[in-house]
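Written below as structure tokens is the structure these notes are about.
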Amino acid sequence: MSSITTNEAGIPVATRPRRSAQLAMLIFAMVVTVAGFAQVGLARDGSLPAGMYGYGLGLGILAAGAYFVVARFAPYADPLLLPLAVFLNGLGLAMIYRLDLNTSADMKAAIKAGKDVSFIGPSTNAQLEWTALGMIFFAVTLLVLRDIKIVQRYIYTIGAIGLFFLALPGFLPSSISGALGAKIWIRVGSISIQPGEFSKLALVAFFAGYLVNKRQAMSTVGKTLGPLKLPRARDLGPILVIWVICLGVLALENDFGTAILFFGLFVSMLYIATERFEWVAIGAILLAGVSLLAPLIPHVKQRIATWLDPKPYFDGGCRINGEIVNETPLSDCLHKGGQYIADSGQLMRGLFSMGQGGVLGTGLGQGEPWRTPLSYSDFIFTSFGEELGLTGVMVILLAYALIVQRGMKAAVATKDNFAKLFAGGVSFVFALQVFVIVGGVTRLIPLTGLTTPFLAQGGSSLLANWILIAILIRISDTARRPAPQPIQDEGMTQVVSTA
């Protein structure tokens, strides 16, 4: 049985979502996290780990604080978004803790046994600190953005800031911005940030505001080519400008993933705004052009080569007169006039790791995911694949899909055009980022430098994604909030029971 409150005319009156259900889901997310810590300790040492209490309590306090902020400042918000984010964040923290332990016993045992080890230690403490800062940003975003239309007033300023920080690493020396061939970082001392994580939110806001203003013009039909109704030539300007910017990002930063992310974002938002498939077709043609030009960038060319056939480059290789010679040092390769090919060992180890996991996985703490380089950041998805198996990674992908679905639901529910595009764009960029990174580590597409949201170690990613969740919660709260109702006399509201 359920009850719907109606007025005397029989019209349903909006009620707040049941916060008890949200609290129950948050508790479940915390139980899963603590169980993950417990499983790691029991599998490795046969006892509950000390870190289970400290890290579990820390995340629990942060989750409780976020719950009360939502209940107070966004009472009508979608009750699923916060628990899903905490669930993923908690799983990532448990896996990083599990990998963190390998800096001692497992590493020494592997080295003694003569096993190949490629590992840089993660830090559970740092990840929890970034989680705390991310949830503070989450709360501040909800407090400041009481009305999402505030963002619409400053879209051009926000867009300029987003483009500036997106391009900035490409103009900095590689010693400051470079990592593994791509220039997407800014490092100052021991602190490093990935400005592209924040640029994506700024550019979503700019695209949403721009398309709201230009929606009518972008929907105007120029010529007809068969079933396609092409836009006017002068309306192609914006998409061509974004295409050129993506080429610039590709050339300056050597990062194909970022270029795909931002171009795909703009095309998707253009389709949402105009409801015209022709823009998707034009975007696909331009994206194909980017793909054809990408091999001109040496680093991207190497990524494509190792994606198509990773076996010859497992330990690196040198192409001399069209022939690939393995196990050639970089200095010898360049001295002979050859082209050095980056090794694909990371990618292949990740694939072997997931294959080892099978359907159910080896169990948390019982595999060897740390043998894959960057198993706690870029390749954390393969770590879950080994120890939780196909079943575990499908649960993770389902959690991601639910976040996207709830974001799209908020976009459909809101009546404001800017909020609709903003929520749709934020949801799509989240989905596209998951696709690009998961597709890269599973060899569906060439490997990129993007991070797995909430799971991977990294401060910039956590901060940006907690802000993203706050934006979706604010828009869903606005969409669900009832319009002001005139004061009714006592006795004019009745409860109608439905089966």
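The chains in the structure tokens are called A, B, ... from first to last as shown; in each chain the residues are counted from 1, and the ligands are counted from 1 in the order shown.
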Sort by chain and increasing residue number a table of all residues of region 39-102 of chain A within 12 Å of region 146-158 of chain A, each with its closest pair of atoms and their distance in Å to one decimal, counting only C-alpha atoms, and write it as JSON lines.
{"residue": "A:Val70", "atom": "CA", "partner": "A:Arg146", "partner_atom": "CA", "distance": 11.8}
{"residue": "A:Arg72", "atom": "CA", "partner": "A:Arg146", "partner_atom": "CA", "distance": 11.8}
{"residue": "A:Phe73", "atom": "CA", "partner": "A:Arg146", "partner_atom": "CA", "distance": 8.0}
{"residue": "A:Ala74", "atom": "CA", "partner": "A:Arg146", "partner_atom": "CA", "distance": 8.6}
{"residue": "A:Pro75", "atom": "CA", "partner": "A:Arg146", "partner_atom": "CA", "distance": 11.9}
Problem set entry | Residues near region 452-467 of chain A, cut-off 9 Å, only C-alpha atoms, skip fewer than 4 positions along chain, as a PyMOL selection string | chain A and resi 85-86+88-93+95-96+122-124+126-127+129-131+133-142+192-198+200-201+375-381+400+430+433-434+437-438+471-472
Problem set entry | Nearest to Gly439 (chain A), chosen from A:Ile245, A:Met269, A:Ala251, A:Leu351, with only C-alpha atoms counted in the distances |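 For Gly439 (chain A), the nearest of the given residues is A:Leu351.
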When DSSP is applied to the backbone of this structure, which of region 382-461 of chain A are assigned helix (DSSP H, G or I)? Write them out as a PDB file with C-alpha atoms, in the first residue's frame.
ATOM      1  CA  THR A 382      41.763  -4.022 -13.818  1.00  0.00           C
ATOM      2  CA  SER A 383      42.581  -4.418 -10.114  1.00  0.00           C
ATOM      3  CA  PHE A 384      38.870  -4.786  -9.404  1.00  0.00           C
ATOM      4  CA  GLY A 385      38.575  -7.122 -12.392  1.00  0.00           C
ATOM      5  CA  GLU A 386      41.170  -9.478 -10.920  1.00  0.00           C
ATOM      6  CA  GLU A 387      39.949  -9.566  -7.332  1.00  0.00           C
ATOM      7  CA  LEU A 388      36.185  -9.107  -7.819  1.00  0.00           C
ATOM      8  CA  GLY A 389      35.908 -10.683 -11.261  1.00  0.00           C
ATOM      9  CA  LEU A 390      33.388  -9.959 -13.982  1.00  0.00           C
ATOM     10  CA  THR A 391      30.600  -9.924 -11.394  1.00  0.00           C
ATOM     11  CA  GLY A 392      32.274  -7.175  -9.374  1.00  0.00           C
ATOM     12  CA  VAL A 393      33.094  -4.909 -12.304  1.00  0.00           C
ATOM     13  CA  MET A 394      29.533  -5.275 -13.625  1.00  0.00           C
ATOM     14  CA  VAL A 395      28.259  -4.016 -10.259  1.00  0.00           C
ATOM     15  CA  ILE A 396      30.642  -1.054 -10.535  1.00  0.00           C
ATOM     16  CA  LEU A 397      29.514  -0.294 -14.093  1.00  0.00           C
ATOM     17  CA  LEU A 398      25.888  -0.556 -12.960  1.00  0.00           C
ATOM     18  CA  ALA A 399      26.580   2.045 -10.251  1.00  0.00           C
ATOM     19  CA  TYR A 400      28.062   4.361 -12.886  1.00  0.00           C
ATOM     20  CA  ALA A 401      25.071   3.754 -15.159  1.00  0.00           C
ATOM     21  CA  LEU A 402      22.660   4.606 -12.338  1.00  0.00           C
ATOM     22  CA  ILE A 403      24.413   7.936 -11.719  1.00  0.00           C
ATOM     23  CA  VAL A 404      24.074   8.762 -15.422  1.00  0.00           C
ATOM     24  CA  GLN A 405      20.438   7.627 -15.465  1.00  0.00           C
ATOM     25  CA  ARG A 406      19.520   9.732 -12.422  1.00  0.00           C
ATOM     26  CA  GLY A 407      21.294  12.721 -13.950  1.00  0.00           C
ATOM     27  CA  MET A 408      19.373  12.319 -17.199  1.00  0.00           C
ATOM     28  CA  LYS A 409      16.159  11.910 -15.227  1.00  0.00           C
ATOM     29  CA  ALA A 410      16.828  15.237 -13.510  1.00  0.00           C
ATOM     30  CA  ALA A 411      17.477  16.806 -16.925  1.00  0.00           C
ATOM     31  CA  VAL A 412      14.145  15.556 -18.239  1.00  0.00           C
ATOM     32  CA  ALA A 413      12.254  16.626 -15.110  1.00  0.00           C
ATOM     33  CA  ASN A 417      16.295  24.950 -20.485  1.00  0.00           C
ATOM     34  CA  PHE A 418      19.716  25.842 -19.079  1.00  0.00           C
ATOM     35  CA  ALA A 419      19.395  23.390 -16.182  1.00  0.00           C
ATOM     36  CA  LYS A 420      18.162  20.739 -18.611  1.00  0.00           C
ATOM     37  CA  LEU A 421      21.227  21.101 -20.844  1.00  0.00           C
ATOM     38  CA  PHE A 422      23.570  21.446 -17.872  1.00  0.00           C
ATOM     39  CA  ALA A 423      22.340  18.226 -16.239  1.00  0.00           C
ATOM     40  CA  GLY A 424      22.353  16.374 -19.553  1.00  0.00           C
ATOM     41  CA  GLY A 425      25.877  17.549 -20.358  1.00  0.00           C
ATOM     42  CA  VAL A 426      27.249  16.713 -16.909  1.00  0.00           C
ATOM     43  CA  SER A 427      25.699  13.236 -17.088  1.00  0.00           C
ATOM     44  CA  PHE A 428      27.075  12.608 -20.560  1.00  0.00           C
ATOM     45  CA  VAL A 429      30.607  13.768 -19.767  1.00  0.00           C
ATOM     46  CA  PHE A 430      30.581  11.443 -16.742  1.00  0.00           C
ATOM     47  CA  ALA A 431      29.443   8.515 -18.908  1.00  0.00           C
ATOM     48  CA  LEU A 432      31.929   9.306 -21.667  1.00  0.00           C
ATOM     49  CA  GLN A 433      34.826   9.484 -19.207  1.00  0.00           C
ATOM     50  CA  VAL A 434      33.945   6.048 -17.821  1.00  0.00           C
ATOM     51  CA  PHE A 435      33.707   4.672 -21.363  1.00  0.00           C
ATOM     52  CA  VAL A 436      37.058   6.131 -22.434  1.00  0.00           C
ATOM     53  CA  ILE A 437      39.031   4.857 -19.422  1.00  0.00           C
ATOM     54  CA  VAL A 438      37.337   1.434 -19.205  1.00  0.00           C
ATOM     55  CA  GLY A 439      37.557   1.057 -22.980  1.00  0.00           C
ATOM     56  CA  GLY A 440      41.256   1.905 -22.814  1.00  0.00           C
ATOM     57  CA  VAL A 441      42.252  -0.608 -20.128  1.00  0.00           C
ATOM     58  CA  GLY A 459      42.804  14.510  -5.845  1.00  0.00           C
ATOM     59  CA  SER A 460      41.709  16.445  -8.929  1.00  0.00           C
ATOM     60  CA  SER A 461      39.382  13.681 -10.064  1.00  0.00           C
TER      61      SER A 461
END
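Summary of the local environment: counting only C-alpha atoms, residues at most 10 Å from Gly264 (chain A), other than itself and those fewer than 3 positions away along its chain, are Trp243, Thr258, Ala259, Ile260, Leu261, Val267, Ser268, Met269, Leu270, Val280, Gly283, Ala284, Leu287, Phe428, Val429 and Leu432 of chain A.
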Go ahead and save the picked residues with N, CA and C atoms, as a PDB file, in the first residue's frame.
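The resulting file, out11.pdb, is shown below:
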ATOM      1  N   TRP A 243      36.115  21.841 -32.846  1.00  0.00           N
ATOM      2  CA  TRP A 243      36.938  20.819 -33.497  1.00  0.00           C
ATOM      3  C   TRP A 243      38.398  21.265 -33.560  1.00  0.00           C
ATOM      4  N   THR A 258      41.399  13.259 -23.872  1.00  0.00           N
ATOM      5  CA  THR A 258      40.823  14.566 -23.553  1.00  0.00           C
ATOM      6  C   THR A 258      40.167  15.182 -24.775  1.00  0.00           C
ATOM      7  N   ALA A 259      40.805  15.042 -25.943  1.00  0.00           N
ATOM      8  CA  ALA A 259      40.234  15.585 -27.173  1.00  0.00           C
ATOM      9  C   ALA A 259      38.894  14.921 -27.487  1.00  0.00           C
ATOM     10  N   ILE A 260      38.835  13.592 -27.356  1.00  0.00           N
ATOM     11  CA  ILE A 260      37.584  12.870 -27.596  1.00  0.00           C
ATOM     12  C   ILE A 260      36.513  13.304 -26.606  1.00  0.00           C
ATOM     13  N   LEU A 261      36.905  13.453 -25.350  1.00  0.00           N
ATOM     14  CA  LEU A 261      35.955  13.795 -24.291  1.00  0.00           C
ATOM     15  C   LEU A 261      35.259  15.119 -24.577  1.00  0.00           C
ATOM     16  N   VAL A 267      29.175  17.759 -29.098  1.00  0.00           N
ATOM     17  CA  VAL A 267      28.254  17.184 -30.082  1.00  0.00           C
ATOM     18  C   VAL A 267      27.010  16.631 -29.388  1.00  0.00           C
ATOM     19  N   SER A 268      27.194  15.959 -28.257  1.00  0.00           N
ATOM     20  CA  SER A 268      26.043  15.398 -27.547  1.00  0.00           C
ATOM     21  C   SER A 268      25.112  16.499 -27.045  1.00  0.00           C
ATOM     22  N   MET A 269      25.685  17.580 -26.512  1.00  0.00           N
ATOM     23  CA  MET A 269      24.851  18.675 -26.022  1.00  0.00           C
ATOM     24  C   MET A 269      24.166  19.395 -27.177  1.00  0.00           C
ATOM     25  N   LEU A 270      24.834  19.451 -28.318  1.00  0.00           N
ATOM     26  CA  LEU A 270      24.221  20.048 -29.507  1.00  0.00           C
ATOM     27  C   LEU A 270      23.010  19.232 -29.946  1.00  0.00           C
ATOM     28  N   VAL A 280      24.935  14.983 -35.062  1.00  0.00           N
ATOM     29  CA  VAL A 280      25.699  13.795 -34.681  1.00  0.00           C
ATOM     30  C   VAL A 280      26.483  13.273 -35.879  1.00  0.00           C
ATOM     31  N   GLY A 283      29.353  15.587 -36.500  1.00  0.00           N
ATOM     32  CA  GLY A 283      30.346  15.355 -35.454  1.00  0.00           C
ATOM     33  C   GLY A 283      31.136  14.080 -35.691  1.00  0.00           C
ATOM     34  N   ALA A 284      30.458  13.019 -36.151  1.00  0.00           N
ATOM     35  CA  ALA A 284      31.148  11.755 -36.425  1.00  0.00           C
ATOM     36  C   ALA A 284      32.167  11.920 -37.550  1.00  0.00           C
ATOM     37  N   LEU A 287      35.066  13.843 -36.113  1.00  0.00           N
ATOM     38  CA  LEU A 287      35.820  12.986 -35.194  1.00  0.00           C
ATOM     39  C   LEU A 287      36.685  12.002 -35.970  1.00  0.00           C
ATOM     40  N   PHE A 428      26.409  13.213 -19.409  1.00  0.00           N
ATOM     41  CA  PHE A 428      27.075  12.608 -20.560  1.00  0.00           C
ATOM     42  C   PHE A 428      28.590  12.622 -20.408  1.00  0.00           C
ATOM     43  N   VAL A 429      29.150  13.718 -19.905  1.00  0.00           N
ATOM     44  CA  VAL A 429      30.607  13.768 -19.767  1.00  0.00           C
ATOM     45  C   VAL A 429      31.079  12.738 -18.740  1.00  0.00           C
ATOM     46  N   LEU A 432      30.884   9.399 -20.652  1.00  0.00           N
ATOM     47  CA  LEU A 432      31.929   9.306 -21.667  1.00  0.00           C
ATOM     48  C   LEU A 432      33.293   9.072 -21.035  1.00  0.00           C
TER      49      LEU A 432
END
For this session: Could you please write out, as a count of residues only, every residue of region 244-462 of chain A that DSSP assigns to strand (DSSP E or B)?
Result: 11
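If only C-alpha atoms are the atoms counted, then among A:Thr442, A:Leu81, A:Asp45, A:Ala94 the closest residue to Val32 (chain A) is A:Ala94.
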